[in-house]
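Trainee: Below is the file query.txt, which contains compact mmCIF, C-alpha atoms.
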# COMPACT_ATOMS: atom_id res chain seq x y z
CA MET H 1 -183.64 -123.32 -97.62
CA ARG H 2 -182.64 -126.06 -100.05
CA VAL H 3 -183.12 -129.65 -98.93
CA HIS H 4 -182.31 -132.74 -100.95
CA ILE H 5 -184.39 -135.87 -100.38
CA THR H 6 -182.96 -139.36 -100.81
CA LYS H 7 -186.01 -141.60 -100.82
CA LYS H 8 -184.06 -144.73 -99.96
CA SER H 9 -180.57 -144.45 -98.52
CA SER H 10 -177.88 -146.77 -99.86
CA ASN H 11 -175.69 -146.17 -96.79
CA LYS H 12 -175.15 -149.50 -95.04
CA LYS H 13 -175.11 -148.00 -91.55
CA THR H 14 -178.25 -145.92 -92.12
CA GLY H 15 -180.18 -148.65 -93.85
CA PRO H 16 -182.84 -148.25 -96.56
CA ILE H 17 -184.77 -145.33 -95.08
CA PRO H 18 -185.40 -141.81 -96.43
CA VAL H 19 -182.69 -139.29 -95.54
CA THR H 20 -182.26 -135.61 -96.32
CA THR H 21 -179.42 -133.13 -96.77
CA SER H 22 -179.84 -129.43 -95.95
CA GLU H 23 -177.76 -126.63 -97.41
CA ARG H 24 -174.63 -125.51 -95.59
CA SER H 25 -176.13 -122.24 -94.37
CA SER H 26 -178.30 -124.26 -91.99
CA CYS H 27 -175.26 -125.12 -89.85
CA PRO H 28 -174.44 -122.87 -86.87
CA SER H 29 -171.31 -120.80 -87.37
CA ASP H 30 -169.91 -121.89 -84.01
CA CYS H 31 -170.16 -125.65 -84.53
CA PRO H 32 -166.80 -127.04 -83.33
CA PHE H 33 -166.64 -129.36 -86.36
CA LYS H 34 -167.50 -126.75 -88.96
CA GLY H 35 -165.04 -127.00 -91.81
CA GLU H 36 -162.39 -129.66 -92.26
CA SER H 37 -163.23 -131.70 -89.14
CA CYS H 38 -166.86 -132.31 -90.14
CA TYR H 39 -167.55 -135.89 -91.25
CA ALA H 40 -169.82 -134.49 -93.99
CA GLU H 41 -166.75 -132.99 -95.65
CA GLY H 42 -165.73 -136.47 -96.79
CA TYR H 43 -165.29 -136.55 -100.57
CA HIS H 44 -168.58 -137.99 -101.86
CA LEU H 45 -170.92 -136.42 -99.30
CA ARG H 46 -169.13 -133.07 -99.66
CA MET H 47 -169.72 -133.06 -103.41
CA HIS H 48 -173.41 -133.80 -102.87
CA TRP H 49 -173.66 -131.19 -100.11
CA ASP H 50 -172.05 -128.57 -102.35
CA LYS H 51 -174.67 -129.16 -105.05
CA VAL H 52 -177.52 -128.90 -102.56
CA SER H 53 -176.06 -125.67 -101.16
CA SER H 54 -175.66 -124.14 -104.63
CA GLY H 55 -179.26 -124.96 -105.54
CA GLU H 56 -178.26 -127.49 -108.18
CA ARG H 57 -180.03 -130.24 -106.24
CA GLY H 58 -182.94 -130.43 -103.87
CA THR H 59 -186.27 -128.82 -103.17
CA ASP H 60 -187.57 -126.03 -100.98
CA TRP H 61 -189.00 -126.38 -97.47
CA LYS H 62 -192.53 -126.92 -98.74
CA GLY H 63 -191.25 -129.69 -100.99
CA LEU H 64 -189.67 -131.35 -97.96
CA CYS H 65 -192.84 -131.08 -95.90
CA ASP H 66 -194.98 -132.41 -98.74
CA PHE H 67 -192.66 -135.41 -99.07
CA VAL H 68 -192.71 -136.13 -95.34
CA GLU H 69 -196.49 -135.79 -95.17
CA GLY H 70 -196.78 -138.42 -97.91
CA LEU H 71 -194.65 -141.02 -96.13
CA PRO H 72 -196.34 -144.18 -94.82
CA THR H 73 -197.53 -144.23 -91.21
CA GLN H 74 -194.70 -144.93 -88.75
CA GLN H 75 -192.05 -144.57 -91.47
CA LEU H 76 -188.62 -143.96 -89.94
CA TRP H 77 -186.68 -141.21 -91.69
CA ARG H 78 -183.59 -139.19 -90.91
CA HIS H 79 -183.45 -135.47 -91.48
CA ASN H 80 -180.00 -134.08 -92.27
CA GLN H 81 -177.22 -136.53 -92.98
CA ALA H 82 -175.50 -133.17 -93.51
CA GLY H 83 -176.71 -129.74 -92.48
CA ASP H 84 -178.82 -128.54 -89.55
CA LEU H 85 -182.16 -126.88 -88.84
CA PRO H 86 -183.18 -123.62 -90.57
CA HIS H 87 -182.27 -120.57 -88.53
CA SER H 88 -181.62 -116.86 -88.51
CA LEU H 89 -178.45 -115.84 -86.68
CA GLY H 90 -178.58 -119.00 -84.61
CA MET H 91 -182.26 -118.80 -83.72
CA ILE H 92 -184.10 -121.84 -85.09
CA ASN H 93 -187.01 -120.85 -87.34
CA PRO H 94 -190.15 -121.78 -85.35
CA ASP H 95 -192.50 -121.51 -88.34
CA TYR H 96 -190.45 -123.86 -90.50
CA MET H 97 -190.13 -126.29 -87.63
CA SER H 98 -193.86 -126.19 -86.96
CA GLN H 99 -194.54 -127.02 -90.61
CA LEU H 100 -192.13 -129.96 -90.55
CA VAL H 101 -193.43 -131.27 -87.23
CA THR H 102 -196.98 -131.16 -88.54
CA ALA H 103 -195.97 -132.96 -91.74
CA ASN H 104 -194.25 -135.62 -89.62
CA THR H 105 -197.43 -136.45 -87.69
CA GLY H 106 -197.74 -140.23 -87.57
CA LYS H 107 -194.19 -140.74 -88.92
CA ARG H 108 -190.91 -141.31 -87.07
CA GLY H 109 -188.65 -138.48 -88.16
CA TYR H 110 -185.49 -137.72 -86.23
CA THR H 111 -182.45 -135.50 -86.53
CA TYR H 112 -179.59 -133.84 -84.65
CA SER H 113 -178.84 -130.18 -84.02
CA HIS H 114 -175.71 -128.26 -83.04
CA HIS H 115 -177.59 -125.00 -82.56
CA LYS H 116 -177.08 -123.38 -79.17
CA LEU H 117 -179.56 -124.34 -76.49
CA SER H 118 -180.81 -120.83 -75.96
CA PRO H 119 -184.22 -120.49 -74.26
CA LEU H 120 -186.02 -119.90 -77.58
CA ASN H 121 -184.27 -122.79 -79.33
CA VAL H 122 -184.98 -125.14 -76.42
CA GLU H 123 -188.64 -124.20 -76.57
CA VAL H 124 -188.80 -125.01 -80.29
CA LEU H 125 -186.93 -128.30 -79.88
CA LYS H 126 -188.97 -129.46 -76.89
CA ASP H 127 -192.17 -128.77 -78.83
CA ALA H 128 -190.88 -130.84 -81.78
CA ASN H 129 -189.91 -133.75 -79.52
CA ALA H 130 -193.23 -133.66 -77.70
CA LYS H 131 -195.07 -133.88 -81.03
CA GLY H 132 -193.16 -136.84 -82.44
CA PHE H 133 -190.29 -135.30 -84.40
CA THR H 134 -187.17 -136.20 -82.43
CA VAL H 135 -184.39 -133.63 -82.37
CA ASN H 136 -181.27 -134.74 -80.53
CA ALA H 137 -179.00 -132.10 -79.03
CA SER H 138 -175.53 -132.70 -80.47
CA CYS H 139 -172.88 -132.51 -77.75
CA GLU H 140 -169.11 -132.81 -77.47
CA THR H 141 -168.69 -133.00 -73.69
CA LEU H 142 -170.37 -134.90 -70.87
CA GLU H 143 -171.30 -131.60 -69.26
CA GLN H 144 -173.15 -130.56 -72.43
CA VAL H 145 -175.05 -133.86 -72.34
CA ASP H 146 -176.15 -133.25 -68.77
CA ASN H 147 -177.17 -129.69 -69.66
CA ALA H 148 -179.26 -130.85 -72.62
CA ILE H 149 -181.01 -133.53 -70.59
CA TYR H 150 -181.62 -131.05 -67.76
CA LYS H 151 -183.37 -128.86 -70.31
CA GLY H 152 -185.58 -131.73 -71.39
CA LEU H 153 -183.89 -132.79 -74.63
CA PRO H 154 -182.48 -136.11 -75.82
CA ALA H 155 -178.74 -135.91 -76.33
CA VAL H 156 -176.01 -137.48 -78.43
CA LEU H 157 -172.28 -137.24 -77.89
CA VAL H 158 -169.35 -137.28 -80.30
CA VAL H 159 -166.45 -139.28 -78.87
CA ALA H 160 -162.90 -139.62 -80.16
CA ASN H 161 -162.37 -143.06 -81.70
CA ASP H 162 -158.96 -143.39 -80.04
CA LYS H 163 -160.21 -142.99 -76.46
CA GLU H 164 -162.32 -145.04 -74.09
CA VAL H 165 -166.01 -144.16 -74.14
CA PRO H 166 -167.28 -143.11 -70.69
CA LYS H 167 -170.03 -145.23 -69.17
CA ALA H 168 -172.04 -142.31 -67.85
CA THR H 169 -172.10 -138.53 -67.43
CA PRO H 170 -171.18 -136.80 -64.14
CA LYS H 171 -174.90 -136.69 -63.29
CA GLY H 172 -175.43 -140.36 -64.03
CA THR H 173 -176.91 -140.49 -67.52
CA PRO H 174 -175.82 -143.77 -69.15
CA ILE H 175 -173.80 -143.52 -72.38
CA LYS H 176 -174.51 -146.08 -75.10
CA VAL H 177 -172.31 -146.28 -78.20
CA CYS H 178 -174.31 -146.24 -81.44
CA PRO H 179 -175.19 -149.91 -82.13
CA ALA H 180 -174.69 -149.37 -85.87
CA GLN H 181 -171.04 -148.60 -85.09
CA THR H 182 -170.49 -151.62 -82.86
CA GLN H 183 -172.50 -154.29 -84.68
CA ASP H 184 -171.81 -155.08 -88.33
CA SER H 185 -175.36 -156.29 -88.95
CA MET H 186 -177.05 -153.29 -87.31
CA SER H 187 -178.39 -150.17 -89.05
CA CYS H 188 -180.39 -147.10 -88.07
CA ALA H 189 -183.40 -148.65 -89.80
CA GLN H 190 -183.24 -151.54 -87.34
CA CYS H 191 -182.02 -149.75 -84.20
CA LYS H 192 -184.24 -146.65 -84.13
CA LEU H 193 -182.67 -145.53 -80.82
CA CYS H 194 -182.03 -141.95 -81.96
CA SER H 195 -185.71 -141.58 -82.85
CA VAL H 196 -186.80 -142.21 -79.24
CA ALA H 197 -187.03 -138.82 -77.56
CA GLY H 198 -187.78 -140.26 -74.13
CA ARG H 199 -184.88 -142.71 -73.93
CA ARG H 200 -182.86 -142.86 -70.73
CA CYS H 201 -179.40 -142.85 -72.31
CA ALA H 202 -177.28 -140.55 -74.41
CA VAL H 203 -176.03 -142.05 -77.67
CA ALA H 204 -172.30 -141.78 -78.34
CA PHE H 205 -170.93 -141.63 -81.88
CA LEU H 206 -167.31 -142.52 -82.45
CA THR H 207 -165.58 -140.18 -84.86
CA HIS H 208 -165.47 -141.84 -88.26
CA GLY H 209 -164.70 -141.32 -91.92
CA ASN H 210 -161.62 -139.70 -93.43
CA LYS H 211 -162.10 -136.64 -91.19
CA ALA H 212 -161.88 -138.66 -87.96
CA LYS H 213 -158.35 -137.52 -87.05
CA LYS H 214 -159.30 -133.86 -87.47
CA ALA H 215 -162.47 -134.41 -85.46
CA ASN H 216 -160.41 -136.03 -82.72
CA LYS H 217 -158.17 -132.96 -82.66
CA ALA H 218 -161.19 -130.66 -82.46
CA LEU H 219 -162.50 -132.66 -79.48
CA SER H 220 -159.08 -132.52 -77.84
CA ASN H 221 -159.01 -128.74 -78.22
CA LEU H 222 -162.35 -128.50 -76.41
CA SER H 223 -160.92 -130.24 -73.39
CA THR H 224 -157.80 -128.08 -73.10
Will you turn the file into C-alpha cells for me?
Mentor:
Amino acid sequence: MRVHITKKSSNKKTGPIPVTTSERSSCPSDCPFKGESCYAEGYHLRMHWDKVSSGERGTDWKGLCDFVEGLPTQQLWRHNQAGDLPHSLGMINPDYMSQLVTANTGKRGYTYSHHKLSPLNVEVLKDANAKGFTVNASCETLEQVDNAIYKGLPAVLVVANDKEVPKATPKGTPIKVCPAQTQDSMSCAQCKLCSVAGRRCAVAFLTHGNKAKKANKALSNLST
C-alpha cells in the first residue's frame, strides 16, 4: 500500500494541514464514482495519484504511521484526498487500521470511505471512530445516510450541484452543506466538522471540479 504524504496542503479549501493520497487499488471496485466521474480524476490530482499508484511517489504503511505518530498533539490531518482504506476484496484490513488508529492517538485524523458497510467493515470503522480516528461513511442517497448512522457511523453525502440540498434525511438527521463550500473564508483546517465522529448532522458535499457534470449524472443514475 503506497501512501503519499503532503505535510502542508496548499489547497485553499483544505487549508494548511497534512493530507495523504493512497494508491488507486485502495478504492472499492463498486464505488459509483470510480473512473471518469471521480473528482480525483481532475488533471493535476490525477497525475499525482497516478504516480503514487505506480510507486513513483509515497511511502509504505509503516512510513505513514510513523509520520502520523510524530505529528503534534491535536494536529488535524486528512487521510486520503484521493484513495480509500486498505482492503482485500472489499474487506478493510483490520491490522493496518489498528496500526493507523494507534499512531493517531492524541491527533485529529479523519477520512472518508466508500467501502461497503458489511458487518466486519462496520466493526473496524466503529473501533477507529471510538478511538479518535474519524472515518466518515461516504453516501450518495439519504437512505444510505440513515443506514450508516443506524450502524453507528458518521456520514457524509455527495449532492448534485444543480439540485436543492435536502434539509434532513427521511429519519430526521439534519443535512449541513460543507462550510468550506459555502463560505469563501472557511477551510477544513478551521471547520473541523468532518473530524467530529459524534456530530448530529450529516455533511453534504456539492459535486465540484471539472468532473462535476459526470458526477451529477452518476448520482442521477442511482435514483432511476
Trainee: Identify the residues around (-197.1, -134.7, -89.5) within a radius of 9 Å, measuring from all atoms listed in the file in the coordinates stated by the file, and give them as a list in words.
Mentor: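 With a cut-off of 9 Å, the residues come to Cys65, Val68, Glu69, Gln99, Leu100, Val101, Thr102, Ala103, Asn104, Thr105, Gly106, Lys107, Lys131, Gly132 and Phe133 of chain H.
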Trainee: Counting only C-alpha atoms, which residue out of H:Ala82, H:Leu71, H:Val196, H:Cys38 sits closest to Glu23 of chain H?
Mentor: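 When distances to Glu23 of chain H are compared using only C-alpha atoms, the smallest one comes from H:Ala82.
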Trainee: Quick one: everything within 6 Å of segment 178-182 of chain H, counting all atoms listed in the file, minus sequence neighbours fewer than 5 positions away in the same chain. Send it as an NGL selection string.
Mentor: :H and (13 or 187 or 203-205)
Trainee: Write to file, as a PDB file, in the coordinates of the input, the residues of the selection just made, with C-alpha atoms.
Mentor:
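Full text of again.pdb as output:
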ATOM      1  CA  LYS H  13    -175.110-148.000 -91.550  1.00  0.00           C
ATOM      2  CA  SER H 187    -178.390-150.170 -89.050  1.00  0.00           C
ATOM      3  CA  VAL H 203    -176.030-142.050 -77.670  1.00  0.00           C
ATOM      4  CA  ALA H 204    -172.300-141.780 -78.340  1.00  0.00           C
ATOM      5  CA  PHE H 205    -170.930-141.630 -81.880  1.00  0.00           C
TER       6      PHE H 205
END
Trainee: With segment 135-140 of chain H as the partner and 8 Å as the cut-off, tabulate the residues of segment 101-125 of chain H that qualify, each row holding the nearest pair of atoms and their distance in Å to one decimal, using all atoms listed in the file, sorted by chain and rising number, as a tab-separated table.
Mentor:
residue	atom	partner	partner_atom	distance
H:Tyr110	CA	H:Val135	CA	5.7
H:Thr111	CA	H:Val135	CA	5.0
H:Tyr112	CA	H:Asn136	CA	4.5
H:Ser113	CA	H:Ala137	CA	5.3
H:His114	CA	H:Ser138	CA	5.1
H:Leu125	CA	H:Val135	CA	6.4
Trainee: Every residue with an atom at most 12 Å from (-172.1, -136.1, -67.5) (file coordinates; only C-alpha atoms) is what I'm after, so could you write them as a VMD selection string?
Mentor: chain H and resid 139 to 150 155 to 157 166 to 175 201 to 202
Trainee: Can you work out the spacing between atom CA of Ile5 of chain H and atom CA of Val159 of chain H in Å, to one decimal?
Mentor: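 A separation of 28.2 Å between them.
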Trainee: Could you work out an axis-aligned box for segment 95-98 of chain H, taking every atom the file lists and adding 8 Å on each side, and report centre and edge lengths in Å to one decimal, as JSON?
Mentor:
{"center_x": -192.0, "center_y": -123.9, "center_z": -88.7, "size_x": 19.7, "size_y": 20.8, "size_z": 19.5}
Trainee: So, counting all atoms listed in the file, which residue among H:Ala130, H:Val122, H:Ala189, H:Leu219 is closest to Asp162 of chain H?
Mentor: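 Checking each of H:Ala130, H:Val122, H:Ala189, H:Leu219 against Asp162 of chain H, counting all atoms listed in the file, the winner is H:Leu219.
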Trainee: Measure the distance from atom CA of Lys116 of chain H to atom CA of Val158 of chain H in Å and round it to one decimal.
Mentor: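 A separation of 15.9 Å between them.
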Trainee: Considering only C-alpha atoms, state which residue in the set H:Val165, H:Ala160, H:Met91, H:Ala197 is at the smallest distance from Lys217 of chain H.
Mentor: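 Closest to Lys217 of chain H of all the choices is H:Ala160.
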Trainee: Between atom CA of His115 of chain H and atom CA of Lys192 of chain H, what is the spacing in Å?
Mentor: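 Going from atom CA of Lys192 of chain H over to atom CA of His115 of chain H, I get 22.7 Å.
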Trainee: Just checking: using all atoms listed in the file, which residue out of H:Arg2, H:Lys214, H:Lys12, H:Pro18 ends up closest to Asp184 of chain H?
Mentor: H:Lys12
Trainee: When distances are computed from all atoms listed in the file, which of H:Asp50, H:Lys151, H:Glu56, H:Ser26 shows the smallest separation from Leu89 of chain H?
Mentor: H:Ser26
Trainee: Determine, counting only C-alpha atoms, which protein, DNA and RNA residues have an atom within 6 Å of an atom of Ile92 of chain H; residues of the same chain fewer than 2 positions away are not included. Present the result as a ChimeraX atom specification.
Mentor: /H:86-87,121
Trainee: Which one of H:Val19, H:Ser37, H:Cys191, H:Lys7 sits closest to Ala212 of chain H if you count only C-alpha atoms?
Mentor: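 Using only C-alpha atoms, Ala212 of chain H sits closest to H:Ser37.
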